[in-house]
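Text of the file run.txt, holding compact mmCIF, C-alpha atoms (C1' of nucleotides):
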# COMPACT_ATOMS: atom_id res chain seq x y z
CA MET Q 1016 23.92 -20.50 -0.43
CA ALA Q 1017 25.90 -20.58 -3.63
CA GLU Q 1018 27.23 -17.16 -4.47
CA THR Q 1019 25.67 -17.50 -7.90
CA GLU Q 1020 22.21 -18.18 -6.53
CA TYR Q 1021 19.69 -16.30 -8.62
CA ASP Q 1022 17.12 -14.31 -6.72
CA PRO Q 1023 14.24 -13.33 -9.00
CA LEU Q 1024 13.36 -10.53 -6.61
CA ALA Q 1025 16.87 -9.13 -6.33
CA LEU Q 1026 16.84 -5.46 -7.18
CA ASP Q 1027 19.95 -5.84 -9.28
CA ASN Q 1028 18.21 -8.32 -11.55
CA GLN Q 1029 15.20 -6.21 -12.26
CA LEU Q 1030 15.06 -4.62 -15.64
CA CYS Q 1031 12.20 -2.39 -14.62
CA PHE Q 1032 14.17 -0.89 -11.76
CA SER Q 1033 17.11 -0.15 -14.04
CA LEU Q 1034 14.74 1.50 -16.46
CA TYR Q 1035 13.07 3.47 -13.71
CA ALA Q 1036 16.38 4.66 -12.26
CA ALA Q 1037 17.87 5.54 -15.66
CA SER Q 1038 14.75 7.43 -16.65
CA ARG Q 1039 14.82 9.52 -13.49
CA ALA Q 1040 18.55 10.14 -13.77
CA LEU Q 1041 18.20 11.42 -17.35
CA THR Q 1042 15.18 13.50 -16.42
CA GLY Q 1043 17.27 15.07 -13.69
CA LEU Q 1044 19.95 15.91 -16.22
CA TYR Q 1045 17.33 17.51 -18.45
CA ARG Q 1046 16.14 19.53 -15.47
CA GLU Q 1047 19.47 21.36 -15.48
CA LEU Q 1048 19.70 21.74 -19.24
CA LEU Q 1049 16.13 23.03 -19.45
CA GLY Q 1050 16.49 25.50 -16.60
CA ASP Q 1051 17.39 28.31 -19.00
CA LEU Q 1052 14.32 27.68 -21.12
CA GLY Q 1053 12.05 27.57 -18.07
CA LEU Q 1054 10.70 24.17 -19.06
CA THR Q 1055 10.28 20.92 -17.18
CA TYR Q 1056 11.00 17.71 -19.01
CA PRO Q 1057 7.37 16.80 -19.76
CA GLN Q 1058 6.78 20.38 -20.91
CA TYR Q 1059 9.82 20.04 -23.18
CA LEU Q 1060 8.32 16.88 -24.66
CA VAL Q 1061 5.16 18.83 -25.52
CA MET Q 1062 7.29 21.50 -27.19
CA LEU Q 1063 9.19 18.84 -29.16
CA ALA Q 1064 5.91 17.43 -30.42
CA LEU Q 1065 4.66 20.87 -31.42
CA TRP Q 1066 7.94 21.87 -33.09
CA GLU Q 1067 7.68 18.67 -35.09
CA HIS Q 1068 3.97 18.69 -35.96
CA GLY Q 1069 3.06 22.37 -35.79
CA THR Q 1070 -0.33 21.96 -34.18
CA LEU Q 1071 -1.90 19.11 -32.27
CA SER Q 1072 -5.11 18.53 -30.39
CA VAL Q 1073 -4.88 17.46 -26.76
CA LYS Q 1074 -5.85 14.02 -27.99
CA GLY Q 1075 -3.04 14.09 -30.54
CA LEU Q 1076 -0.50 15.06 -27.88
CA SER Q 1077 -1.86 12.33 -25.68
CA ARG Q 1078 -1.29 9.77 -28.43
CA VAL Q 1079 2.20 10.99 -29.30
CA LEU Q 1080 3.46 11.32 -25.73
CA HIS Q 1081 1.48 8.47 -24.15
CA LEU Q 1082 0.12 10.87 -21.52
CA ASP Q 1083 -3.52 11.28 -20.56
CA SER Q 1084 -5.61 14.40 -20.21
CA GLY Q 1085 -5.25 14.39 -16.44
CA THR Q 1086 -1.55 15.00 -16.93
CA LEU Q 1087 -1.74 17.21 -19.99
CA SER Q 1088 -4.51 19.61 -18.99
CA PRO Q 1089 -2.71 21.32 -16.11
CA LEU Q 1090 0.64 21.06 -17.89
CA LEU Q 1091 -0.75 22.82 -20.96
CA ARG Q 1092 -2.33 25.48 -18.80
CA ARG Q 1093 1.10 26.22 -17.33
CA LEU Q 1094 2.67 26.38 -20.80
CA GLU Q 1095 -0.07 28.76 -21.90
CA THR Q 1096 0.48 30.95 -18.84
CA ALA Q 1097 4.19 30.97 -19.68
CA GLY Q 1098 3.37 32.29 -23.15
CA ALA Q 1099 4.74 29.30 -25.05
CA ILE Q 1100 1.55 27.84 -26.51
CA THR Q 1101 -2.00 28.77 -27.45
CA ARG Q 1102 -5.12 26.78 -26.69
CA THR Q 1103 -8.06 27.32 -29.03
CA ARG Q 1104 -11.23 25.32 -29.17
CA SER Q 1105 -11.76 23.91 -32.64
CA ALA Q 1106 -14.55 25.49 -34.67
CA ALA Q 1107 -15.22 22.27 -36.56
CA ASP Q 1108 -15.61 20.21 -33.40
CA GLU Q 1109 -16.13 22.14 -30.23
CA ARG Q 1110 -14.96 19.19 -28.11
CA VAL Q 1111 -11.36 19.41 -29.29
CA VAL Q 1112 -8.81 21.95 -28.13
CA GLU Q 1113 -6.05 22.71 -30.60
CA ILE Q 1114 -2.62 23.39 -29.14
CA GLY Q 1115 -0.39 25.71 -31.18
CA LEU Q 1116 2.87 27.60 -30.72
CA THR Q 1117 3.18 31.28 -29.93
CA GLY Q 1118 6.01 33.24 -31.52
CA HIS Q 1119 7.91 32.85 -28.28
CA GLY Q 1120 7.25 29.12 -28.20
CA ALA Q 1121 8.42 28.67 -31.78
CA ALA Q 1122 11.54 30.74 -31.11
CA MET Q 1123 12.53 28.51 -28.22
CA ARG Q 1124 13.40 25.79 -30.69
CA GLU Q 1125 16.65 27.51 -31.61
CA ARG Q 1126 17.79 27.49 -28.04
CA ALA Q 1127 16.87 23.82 -27.68
CA LEU Q 1128 18.92 22.59 -30.61
CA GLY Q 1129 22.04 22.06 -28.54
CA ILE Q 1130 20.37 20.08 -25.80
CA PRO Q 1131 20.45 16.55 -27.26
CA GLY Q 1132 24.16 16.86 -27.87
CA GLN Q 1133 24.90 18.08 -24.36
CA LEU Q 1134 22.82 15.29 -22.96
CA VAL Q 1135 24.43 12.45 -24.89
CA CYS Q 1136 27.79 13.85 -23.86
CA ALA Q 1137 26.97 14.14 -20.16
CA ALA Q 1138 25.35 10.72 -20.01
CA GLU Q 1139 28.29 9.14 -21.87
CA ILE Q 1140 25.90 7.19 -24.04
CA PRO Q 1141 27.71 4.96 -26.52
CA ALA Q 1142 26.82 6.51 -29.87
CA GLY Q 1143 26.30 3.22 -31.64
CA ASP Q 1144 24.13 1.81 -28.88
CA ALA Q 1145 21.60 4.63 -28.87
CA ARG Q 1146 19.74 3.59 -32.02
CA GLU Q 1147 19.51 -0.04 -30.94
CA LEU Q 1148 18.57 0.90 -27.40
CA ILE Q 1149 15.75 3.10 -28.64
CA SER Q 1150 14.34 0.30 -30.76
CA VAL Q 1151 14.47 -2.22 -27.90
CA LEU Q 1152 12.79 0.23 -25.52
CA ASP Q 1153 10.11 1.18 -28.04
CA GLY Q 1154 9.48 -2.52 -28.59
CA ILE Q 1155 8.90 -3.00 -24.87
CA THR Q 1156 6.54 -0.02 -24.75
CA ARG Q 1157 4.54 -1.38 -27.68
CA SER Q 1158 4.33 -4.87 -26.18
CA VAL Q 1159 3.18 -3.58 -22.83
CA GLU Q 1160 0.60 -1.23 -24.30
CA ARG Q 1161 -0.72 -3.93 -26.62
CA ALA Q 1162 -1.01 -6.29 -23.67
CA ALA Q 1163 -2.88 -3.64 -21.69
CA ALA Q 1164 -5.22 -3.00 -24.61
CA ARG Q 1165 -5.92 -6.73 -24.93
CA ARG Q 1166 -6.77 -6.98 -21.26
CA ALA Q 1167 -9.05 -3.94 -21.42
CA CYS Q 1168 -10.72 -5.48 -24.46
CA GLY Q 1169 -11.03 -8.91 -22.86
CA ALA Q 1170 -12.53 -7.40 -19.74
CA GLN Q 1171 -15.30 -5.89 -21.80
CA GLY Q 1172 -16.21 -8.92 -23.94
CA MET B 17 13.71 17.72 -47.44
CA ALA B 18 15.25 14.33 -47.91
CA GLU B 19 13.32 11.64 -46.16
CA THR B 20 16.50 10.66 -44.33
CA GLU B 21 17.07 14.11 -42.90
CA TYR B 22 18.07 13.74 -39.28
CA ASP B 23 16.25 16.00 -36.86
CA PRO B 24 18.02 16.04 -33.50
CA LEU B 25 14.83 17.26 -31.85
CA ALA B 26 12.55 14.63 -33.42
CA LEU B 27 10.76 12.74 -30.71
CA ASP B 28 11.50 9.43 -32.41
CA ASN B 29 15.23 10.02 -32.19
CA GLN B 30 15.29 10.74 -28.49
CA LEU B 31 16.61 8.02 -26.27
CA CYS B 32 15.37 9.77 -23.17
CA PHE B 33 11.82 9.83 -24.44
CA SER B 34 11.93 6.12 -25.25
CA LEU B 35 13.25 5.46 -21.79
CA TYR B 36 10.63 7.66 -20.21
CA ALA B 37 7.80 6.01 -22.13
CA ALA B 38 9.05 2.48 -21.50
CA SER B 39 9.48 3.18 -17.81
CA ARG B 40 5.94 4.47 -17.47
CA ALA B 41 4.53 1.60 -19.50
CA LEU B 42 6.25 -0.99 -17.31
CA THR B 43 5.23 0.84 -14.16
CA GLY B 44 1.65 0.70 -15.39
CA LEU B 45 1.97 -3.04 -15.87
CA TYR B 46 3.28 -3.37 -12.33
CA ARG B 47 0.31 -1.34 -11.14
CA GLU B 48 -1.96 -4.18 -12.19
CA LEU B 49 0.28 -6.96 -10.90
CA LEU B 50 0.71 -5.23 -7.55
CA GLY B 51 -2.96 -4.48 -7.07
CA ASP B 52 -3.46 -7.69 -5.08
CA LEU B 53 -0.62 -6.83 -2.73
CA GLY B 54 -1.91 -3.31 -2.21
CA LEU B 55 1.43 -1.81 -3.21
CA THR B 56 2.40 0.89 -5.66
CA TYR B 57 5.54 0.37 -7.70
CA PRO B 58 7.81 2.61 -5.60
CA GLN B 59 6.45 0.92 -2.47
CA TYR B 60 7.25 -2.45 -4.05
CA LEU B 61 10.82 -1.28 -4.65
CA VAL B 62 11.15 -0.49 -0.96
CA MET B 63 9.85 -3.97 -0.11
CA LEU B 64 12.32 -5.56 -2.55
CA ALA B 65 15.16 -3.72 -0.86
CA LEU B 66 13.99 -4.83 2.59
CA TRP B 67 13.44 -8.45 1.53
CA GLU B 68 16.96 -8.43 0.21
CA HIS B 69 18.74 -6.60 3.02
CA GLY B 70 16.51 -7.24 6.01
CA THR B 71 16.78 -3.79 7.53
CA LEU B 72 17.88 -0.47 6.14
CA SER B 73 18.04 3.10 7.36
CA VAL B 74 16.19 5.73 5.37
CA LYS B 75 19.59 6.82 4.14
CA GLY B 76 20.36 3.26 3.04
CA LEU B 77 17.08 3.02 1.15
CA SER B 78 17.81 6.36 -0.43
CA ARG B 79 21.17 5.10 -1.66
CA VAL B 80 19.83 1.78 -2.96
CA LEU B 81 16.77 3.20 -4.69
CA HIS B 82 18.22 6.58 -5.73
CA LEU B 83 15.29 8.34 -4.06
CA ASP B 84 15.53 11.26 -1.63
CA SER B 85 13.92 11.73 1.74
CA GLY B 86 11.21 13.97 0.34
CA THR B 87 9.97 10.99 -1.62
CA LEU B 88 10.70 8.29 0.94
CA SER B 89 9.33 9.88 4.11
CA PRO B 90 5.66 9.97 3.13
CA LEU B 91 5.96 6.70 1.21
CA LEU B 92 7.36 4.94 4.28
CA ARG B 93 4.65 6.45 6.46
CA ARG B 94 2.04 4.91 4.15
CA LEU B 95 3.79 1.52 4.27
CA GLU B 96 3.88 1.73 8.05
CA THR B 97 0.18 2.59 8.19
CA ALA B 98 -0.48 -0.40 5.92
CA GLY B 99 1.30 -2.62 8.46
CA ALA B 100 4.09 -3.71 6.11
CA ILE B 101 7.08 -2.06 7.77
CA THR B 102 8.29 -0.69 11.11
CA ARG B 103 10.12 2.58 11.68
CA THR B 104 12.31 2.76 14.76
CA ARG B 105 14.77 5.48 15.63
CA SER B 106 18.22 4.02 16.17
CA ALA B 107 19.47 3.94 19.77
CA ALA B 108 23.09 4.27 18.68
CA ASP B 109 22.46 7.36 16.56
CA GLU B 110 19.20 9.15 17.13
CA ARG B 111 19.38 10.79 13.73
CA VAL B 112 18.80 7.57 11.85
CA VAL B 113 15.49 5.78 11.46
CA GLU B 114 15.75 2.04 10.84
CA ILE B 115 13.18 0.53 8.50
CA GLY B 116 12.30 -3.12 9.14
CA LEU B 117 9.71 -5.64 8.04
CA THR B 118 6.64 -6.64 10.01
CA GLY B 119 5.51 -10.28 9.87
CA HIS B 120 2.95 -9.23 7.33
CA GLY B 121 5.54 -7.40 5.27
CA ALA B 122 7.90 -10.37 5.31
CA ALA B 123 5.07 -12.72 4.33
CA MET B 124 4.25 -10.65 1.27
CA ARG B 125 7.45 -11.87 -0.33
CA GLU B 126 5.90 -15.25 -1.12
CA ARG B 127 3.11 -13.61 -3.04
CA ALA B 128 5.57 -11.45 -4.93
CA LEU B 129 7.73 -14.28 -6.21
CA GLY B 130 5.68 -14.78 -9.36
CA ILE B 131 5.63 -11.15 -10.39
CA PRO B 132 8.92 -10.86 -12.30
CA GLY B 133 7.95 -13.84 -14.45
CA GLN B 134 4.52 -12.45 -15.24
CA LEU B 135 6.06 -9.14 -16.11
CA VAL B 136 8.72 -10.43 -18.46
CA CYS B 137 6.04 -12.49 -20.15
CA ALA B 138 3.56 -9.63 -20.57
CA ALA B 139 6.23 -7.22 -21.79
CA GLU B 140 7.60 -9.81 -24.25
CA ILE B 141 11.12 -8.94 -23.24
CA PRO B 142 13.69 -11.01 -25.13
CA ALA B 143 15.32 -13.09 -22.40
CA GLY B 144 18.84 -12.65 -23.78
CA ASP B 145 18.47 -8.92 -24.13
CA ALA B 146 17.45 -8.31 -20.54
CA ARG B 147 20.90 -8.80 -19.04
CA GLU B 148 22.58 -6.58 -21.58
CA LEU B 149 19.85 -3.97 -21.40
CA ILE B 150 20.18 -3.78 -17.63
CA SER B 151 23.91 -3.24 -17.86
CA VAL B 152 23.58 -0.49 -20.48
CA LEU B 153 20.89 1.27 -18.44
CA ASP B 154 22.84 1.01 -15.20
CA GLY B 155 25.85 2.41 -17.04
CA ILE B 156 23.82 5.42 -18.10
CA THR B 157 22.54 5.96 -14.57
CA ARG B 158 26.08 5.82 -13.18
CA SER B 159 27.41 8.23 -15.80
CA VAL B 160 24.65 10.72 -15.20
CA GLU B 161 24.94 10.59 -11.44
CA ARG B 162 28.69 10.88 -11.56
CA ALA B 163 28.35 13.89 -13.86
CA ALA B 164 25.85 15.46 -11.46
CA ALA B 165 28.15 14.84 -8.51
CA ARG B 166 31.05 16.43 -10.36
CA ARG B 167 28.99 19.51 -11.11
CA ALA B 168 27.84 19.80 -7.49
CA CYS B 169 31.42 19.45 -6.39
CA GLY B 170 32.71 21.95 -8.92
CA ALA B 171 30.07 24.45 -7.89
CA GLN B 172 31.31 24.29 -4.32
CA GLY B 173 35.05 24.57 -4.96
C1' DC E 1138 -36.09 15.91 -34.21
C1' DA E 1139 -35.40 12.84 -29.90
C1' DG E 1140 -32.67 9.78 -27.32
C1' DG E 1141 -28.73 6.79 -26.48
C1' DG E 1142 -24.04 5.81 -27.05
C1' DT E 1143 -19.45 7.79 -27.96
C1' DT E 1144 -15.65 11.10 -27.86
C1' DC E 1145 -12.97 14.79 -25.90
C1' DA E 1146 -11.24 17.72 -22.38
C1' DA E 1147 -11.20 18.94 -17.75
C1' DT E 1148 -11.49 17.96 -12.76
C1' DT E 1149 -10.75 15.37 -8.45
C1' DG E 1150 -8.17 12.49 -5.44
C1' DT E 1151 -4.05 9.78 -4.40
C1' DC E 1152 0.58 9.00 -4.89
C1' DC E 1153 5.39 10.00 -6.68
C1' DA E 1154 9.57 13.11 -7.36
C1' DC E 1155 12.57 16.63 -6.13
C1' DA E 1156 14.40 21.32 -4.63
C1' DA E 1157 14.73 24.03 -0.72
C1' DC E 1158 14.54 24.50 3.82
C1' DA E 1159 14.10 23.31 8.96
C1' DA E 1160 15.47 20.95 13.13
C1' DG E 1161 17.60 17.78 16.05
C1' DA E 1162 21.83 14.72 16.74
C1' DT E 1163 26.57 13.97 16.17
C1' DT E 1164 31.30 14.94 15.55
C1' DG E 1165 35.48 17.34 15.73
C1' DA E 1166 38.60 21.26 16.39
C1' DG E 1167 40.25 24.12 19.73
C1' DC R 903 33.81 21.37 27.33
C1' DT R 904 32.03 24.47 23.53
C1' DC R 905 30.66 25.79 19.40
C1' DA R 906 30.50 25.27 14.66
C1' DA R 907 30.31 22.36 10.68
C1' DT R 908 28.06 18.01 9.22
C1' DC R 909 24.72 14.37 8.96
C1' DT R 910 20.01 12.48 8.97
C1' DT R 911 15.34 12.93 8.66
C1' DG R 912 11.30 15.49 7.93
C1' DT R 913 8.27 19.30 5.86
C1' DT R 914 6.68 22.44 2.26
C1' DG R 915 5.77 23.79 -2.36
C1' DT R 916 5.61 22.79 -7.30
C1' DG R 917 4.84 19.74 -10.91
C1' DG R 918 4.02 15.04 -12.81
C1' DA R 919 1.19 10.69 -13.46
C1' DC R 920 -3.00 8.18 -13.56
C1' DA R 921 -7.77 6.24 -12.27
C1' DA R 922 -12.30 7.66 -12.10
C1' DT R 923 -15.76 10.84 -12.96
C1' DT R 924 -18.12 14.81 -15.12
C1' DG R 925 -20.10 17.47 -18.73
C1' DA R 926 -20.36 19.21 -23.17
C1' DA R 927 -20.43 18.14 -28.01
C1' DC R 928 -20.99 14.91 -31.57
C1' DC R 929 -23.13 11.13 -34.19
C1' DC R 930 -26.39 7.79 -35.34
C1' DT R 931 -30.61 5.51 -35.52
C1' DG R 932 -35.22 5.59 -35.67
Represent the structure from my file as structure tokens, please.
Amino acid sequence: MAETEYDPLALDNQLCFSLYAASRALTGLYRELLGDLGLTYPQYLVMLALWEHGTLSVKGLSRVLHLDSGTLSPLLRRLETAGAITRTRSAADERVVEIGLTGHGAAMRERALGIPGQLVCAAEIPAGDARELISVLDGITRSVERAAARRACGAQG
Amino acid sequence: MAETEYDPLALDNQLCFSLYAASRALTGLYRELLGDLGLTYPQYLVMLALWEHGTLSVKGLSRVLHLDSGTLSPLLRRLETAGAITRTRSAADERVVEIGLTGHGAAMRERALGIPGQLVCAAEIPAGDARELISVLDGITRSVERAAARRACGAQG
DNA sequence: CAGGGTTCAATTGTCCACAACAAGATTGAG
DNA sequence: CTCAATCTTGTTGTGGACAATTGAACCCTG
């Protein structure tokens, strides 16, 4: 009954819960900032990837964003309906669908430039910490995905 | 076109994306670990809260987990159907629904005790970093939610 | 060229997340 | 007491996420 007793199941001690809560809180903040652009946060991520790389296959987007086709397919259809992207089946390989920007989609980048600044400000993120935090989080993502790949591999062999 | 040019919209520079990806990766890891218990990750969070506090109203769960009733209501119905929790309308105040554990739900705690260890191991999370990471993330969540509350308040007045 | 294995995108089904709204219960001002 | 704000929970609608499956296209080997 010591007040310092450590409960491994205590919510307050769980890194994953903190991550989960912080991720949803920031996504909620993006929801407001992206309202003007008519984008949801995952849609915004797709636009970021396209602004950066120009054109990507669904597979390429999947790799960059760590999202699978079950998530991307309907999301991309909505972006196409909204006039932000184009979907064209590749001539070289008819299996792949190339995702590109429309003029409207490309123009949205200008309006998005201010968003990261607004966000960092609203979330009061310590400027120096951001870089380090990103590298720690990316390290966790890599570890987890490697572990998952190993298990998938081991299950086969 | 210096190689060090800083693009504020580059995916790699975005804390929120790292957070989002890490959160989903860890949730996926939990998906495997929780398979035996028949719980999803959000359901597991509800169980954690109940194991810790014994009994909570829907409102209490909402406050602890930062989830709203639109998420909790169907989730709690599924947990009730699975025989893990009970839902009883409070006699003192008929508006509130008290969520409690069944014998089965309480017994699941034993089987959950090993999960945090397995997770930290699989994710290769540096033990020392976890504490600090949690506090940074919780700080972000608080900042964002305070900012949201201020805006809601300002919009009213 | 034929057939088997692989890759890619899309679909289906289940569950989560949240805004907006609905409805009953409670509380408080008069 | 009465009626209007408030509180609590629930529902509906939209959009994510992901496992599992499907089906077309590709590639390779014989």
Please report, as a Markdown table, each residue of chain B lying at most 8 Å from chain E, together with the nearest pair of atoms and the separation in Å rounded to one decimal; use all atoms listed in the file, and order rows by chain and ascending residue number.
| residue | atom | partner | partner_atom | distance |
| --- | --- | --- | --- | --- |
| B:Pro58 | CA | E:DC1153 | C1' | 7.9 |
| B:Asp84 | CA | E:DC1155 | C1' | 7.6 |
| B:Gly86 | CA | E:DC1155 | C1' | 7.1 |
| B:Thr87 | CA | E:DA1154 | C1' | 6.1 |
| B:Asp109 | CA | E:DA1162 | C1' | 7.4 |
| B:Glu110 | CA | E:DA1162 | C1' | 6.2 |
| B:Arg111 | CA | E:DA1162 | C1' | 5.5 |
Give me, as an NGL selection string, the residues of chain B touching chain Q, with the criterion being at most 9 Å (counting all atoms listed in the file). :B and (24-45 or 61 or 64-65 or 67-68 or 80-82 or 125 or 128-133 or 138-141 or 145-147 or 149-161 or 163-164)
How would chain Q read as a compact mmCIF listing (two decimals) with C-alpha atoms, in the coordinates of the input after a least-squares superposition onto chain B over every Cα atom, matched in order?
# COMPACT_ATOMS: atom_id res chain seq x y z
CA MET Q 1016 13.80 18.02 -47.60
CA ALA Q 1017 15.39 14.63 -48.00
CA GLU Q 1018 13.29 11.96 -46.38
CA THR Q 1019 16.36 10.84 -44.46
CA GLU Q 1020 16.99 14.27 -42.99
CA TYR Q 1021 17.99 13.86 -39.37
CA ASP Q 1022 16.22 16.08 -36.90
CA PRO Q 1023 18.06 16.11 -33.57
CA LEU Q 1024 14.88 17.25 -31.87
CA ALA Q 1025 12.64 14.62 -33.43
CA LEU Q 1026 10.82 12.74 -30.71
CA ASP Q 1027 11.50 9.45 -32.42
CA ASN Q 1028 15.23 10.00 -32.16
CA GLN Q 1029 15.31 10.74 -28.50
CA LEU Q 1030 16.61 8.02 -26.29
CA CYS Q 1031 15.38 9.76 -23.18
CA PHE Q 1032 11.81 9.81 -24.43
CA SER Q 1033 11.93 6.11 -25.23
CA LEU Q 1034 13.26 5.47 -21.77
CA TYR Q 1035 10.63 7.66 -20.19
CA ALA Q 1036 7.79 6.01 -22.11
CA ALA Q 1037 9.05 2.47 -21.48
CA SER Q 1038 9.50 3.18 -17.79
CA ARG Q 1039 5.95 4.46 -17.45
CA ALA Q 1040 4.53 1.60 -19.49
CA LEU Q 1041 6.24 -1.00 -17.28
CA THR Q 1042 5.22 0.84 -14.14
CA GLY Q 1043 1.65 0.70 -15.38
CA LEU Q 1044 1.96 -3.04 -15.86
CA TYR Q 1045 3.28 -3.37 -12.32
CA ARG Q 1046 0.30 -1.36 -11.11
CA GLU Q 1047 -1.96 -4.22 -12.16
CA LEU Q 1048 0.28 -6.99 -10.89
CA LEU Q 1049 0.73 -5.25 -7.54
CA GLY Q 1050 -2.95 -4.50 -7.04
CA ASP Q 1051 -3.45 -7.70 -5.04
CA LEU Q 1052 -0.60 -6.85 -2.70
CA GLY Q 1053 -1.88 -3.31 -2.19
CA LEU Q 1054 1.46 -1.84 -3.20
CA THR Q 1055 2.45 0.86 -5.66
CA TYR Q 1056 5.57 0.35 -7.70
CA PRO Q 1057 7.85 2.57 -5.59
CA GLN Q 1058 6.48 0.89 -2.46
CA TYR Q 1059 7.27 -2.48 -4.04
CA LEU Q 1060 10.84 -1.32 -4.65
CA VAL Q 1061 11.16 -0.52 -0.93
CA MET Q 1062 9.86 -3.99 -0.10
CA LEU Q 1063 12.34 -5.58 -2.53
CA ALA Q 1064 15.18 -3.74 -0.83
CA LEU Q 1065 14.01 -4.83 2.61
CA TRP Q 1066 13.44 -8.45 1.56
CA GLU Q 1067 16.98 -8.44 0.25
CA HIS Q 1068 18.76 -6.58 3.06
CA GLY Q 1069 16.52 -7.21 6.06
CA THR Q 1070 16.79 -3.77 7.59
CA LEU Q 1071 17.86 -0.44 6.18
CA SER Q 1072 17.99 3.12 7.39
CA VAL Q 1073 16.15 5.76 5.39
CA LYS Q 1074 19.55 6.83 4.16
CA GLY Q 1075 20.34 3.28 3.09
CA LEU Q 1076 17.07 3.01 1.17
CA SER Q 1077 17.80 6.35 -0.40
CA ARG Q 1078 21.17 5.09 -1.62
CA VAL Q 1079 19.84 1.78 -2.92
CA LEU Q 1080 16.78 3.19 -4.68
CA HIS Q 1081 18.21 6.57 -5.71
CA LEU Q 1082 15.28 8.33 -4.02
CA ASP Q 1083 15.53 11.20 -1.57
CA SER Q 1084 13.92 11.67 1.81
CA GLY Q 1085 11.24 13.93 0.37
CA THR Q 1086 9.98 10.95 -1.59
CA LEU Q 1087 10.68 8.25 0.96
CA SER Q 1088 9.31 9.86 4.12
CA PRO Q 1089 5.65 9.96 3.12
CA LEU Q 1090 5.95 6.68 1.23
CA LEU Q 1091 7.34 4.92 4.30
CA ARG Q 1092 4.63 6.42 6.46
CA ARG Q 1093 2.04 4.87 4.15
CA LEU Q 1094 3.79 1.49 4.27
CA GLU Q 1095 3.86 1.69 8.06
CA THR Q 1096 0.16 2.56 8.17
CA ALA Q 1097 -0.47 -0.44 5.92
CA GLY Q 1098 1.29 -2.67 8.44
CA ALA Q 1099 4.11 -3.74 6.13
CA ILE Q 1100 7.09 -2.08 7.79
CA THR Q 1101 8.27 -0.71 11.12
CA ARG Q 1102 10.06 2.57 11.69
CA THR Q 1103 12.25 2.76 14.79
CA ARG Q 1104 14.68 5.48 15.67
CA SER Q 1105 18.14 4.05 16.19
CA ALA Q 1106 19.39 3.97 19.77
CA ALA Q 1107 23.01 4.33 18.69
CA ASP Q 1108 22.33 7.42 16.60
CA GLU Q 1109 19.07 9.16 17.24
CA ARG Q 1110 19.18 10.86 13.82
CA VAL Q 1111 18.68 7.63 11.89
CA VAL Q 1112 15.40 5.80 11.47
CA GLU Q 1113 15.70 2.08 10.86
CA ILE Q 1114 13.15 0.54 8.52
CA GLY Q 1115 12.30 -3.11 9.17
CA LEU Q 1116 9.69 -5.64 8.06
CA THR Q 1117 6.64 -6.66 10.03
CA GLY Q 1118 5.53 -10.28 9.90
CA HIS Q 1119 2.96 -9.25 7.33
CA GLY Q 1120 5.57 -7.41 5.29
CA ALA Q 1121 7.93 -10.38 5.32
CA ALA Q 1122 5.10 -12.74 4.35
CA MET Q 1123 4.28 -10.67 1.29
CA ARG Q 1124 7.47 -11.88 -0.32
CA GLU Q 1125 5.92 -15.25 -1.11
CA ARG Q 1126 3.13 -13.63 -3.02
CA ALA Q 1127 5.59 -11.46 -4.93
CA LEU Q 1128 7.73 -14.29 -6.22
CA GLY Q 1129 5.66 -14.78 -9.35
CA ILE Q 1130 5.63 -11.16 -10.38
CA PRO Q 1131 8.91 -10.89 -12.31
CA GLY Q 1132 7.93 -13.84 -14.44
CA GLN Q 1133 4.50 -12.45 -15.24
CA LEU Q 1134 6.04 -9.15 -16.11
CA VAL Q 1135 8.70 -10.45 -18.48
CA CYS Q 1136 6.00 -12.49 -20.17
CA ALA Q 1137 3.55 -9.61 -20.58
CA ALA Q 1138 6.21 -7.20 -21.78
CA GLU Q 1139 7.57 -9.79 -24.25
CA ILE Q 1140 11.10 -8.94 -23.23
CA PRO Q 1141 13.67 -10.96 -25.16
CA ALA Q 1142 15.23 -13.15 -22.47
CA GLY Q 1143 18.76 -12.78 -23.74
CA ASP Q 1144 18.50 -9.02 -24.06
CA ALA Q 1145 17.46 -8.37 -20.47
CA ARG Q 1146 20.89 -8.85 -18.91
CA GLU Q 1147 22.61 -6.67 -21.49
CA LEU Q 1148 19.88 -4.06 -21.34
CA ILE Q 1149 20.20 -3.82 -17.57
CA SER Q 1150 23.93 -3.28 -17.80
CA VAL Q 1151 23.59 -0.56 -20.45
CA LEU Q 1152 20.90 1.23 -18.43
CA ASP Q 1153 22.86 0.98 -15.19
CA GLY Q 1154 25.87 2.38 -17.03
CA ILE Q 1155 23.83 5.39 -18.12
CA THR Q 1156 22.56 5.93 -14.58
CA ARG Q 1157 26.10 5.81 -13.20
CA SER Q 1158 27.43 8.21 -15.83
CA VAL Q 1159 24.67 10.70 -15.25
CA GLU Q 1160 24.96 10.57 -11.48
CA ARG Q 1161 28.74 10.89 -11.63
CA ALA Q 1162 28.37 13.89 -13.92
CA ALA Q 1163 25.88 15.46 -11.52
CA ALA Q 1164 28.21 14.84 -8.58
CA ARG Q 1165 31.10 16.44 -10.47
CA ARG Q 1166 29.04 19.52 -11.21
CA ALA Q 1167 27.89 19.80 -7.60
CA CYS Q 1168 31.51 19.45 -6.52
CA GLY Q 1169 32.77 21.96 -9.08
CA ALA Q 1170 30.13 24.46 -8.04
CA GLN Q 1171 31.44 24.37 -4.51
CA GLY Q 1172 35.18 24.65 -5.22
Show me a table, sorted first by chain and then by increasing residue number, of the residues of chain B having an atom at most 8 Å from chain R, each with its shortest atom pair and the distance in Å to one decimal, counting all atoms listed in the file and written as a tab-separated table.
residue	atom	partner	partner_atom	distance
B:Val74	CA	R:DT911	C1'	8.0
B:Lys75	CA	R:DT910	C1'	7.5
B:Ser85	CA	R:DT911	C1'	7.2
B:Gly86	CA	R:DG912	C1'	7.7
B:Ser89	CA	R:DG912	C1'	7.1
B:Arg111	CA	R:DT910	C1'	5.1
B:Val112	CA	R:DT910	C1'	5.8
B:Val113	CA	R:DT911	C1'	7.7
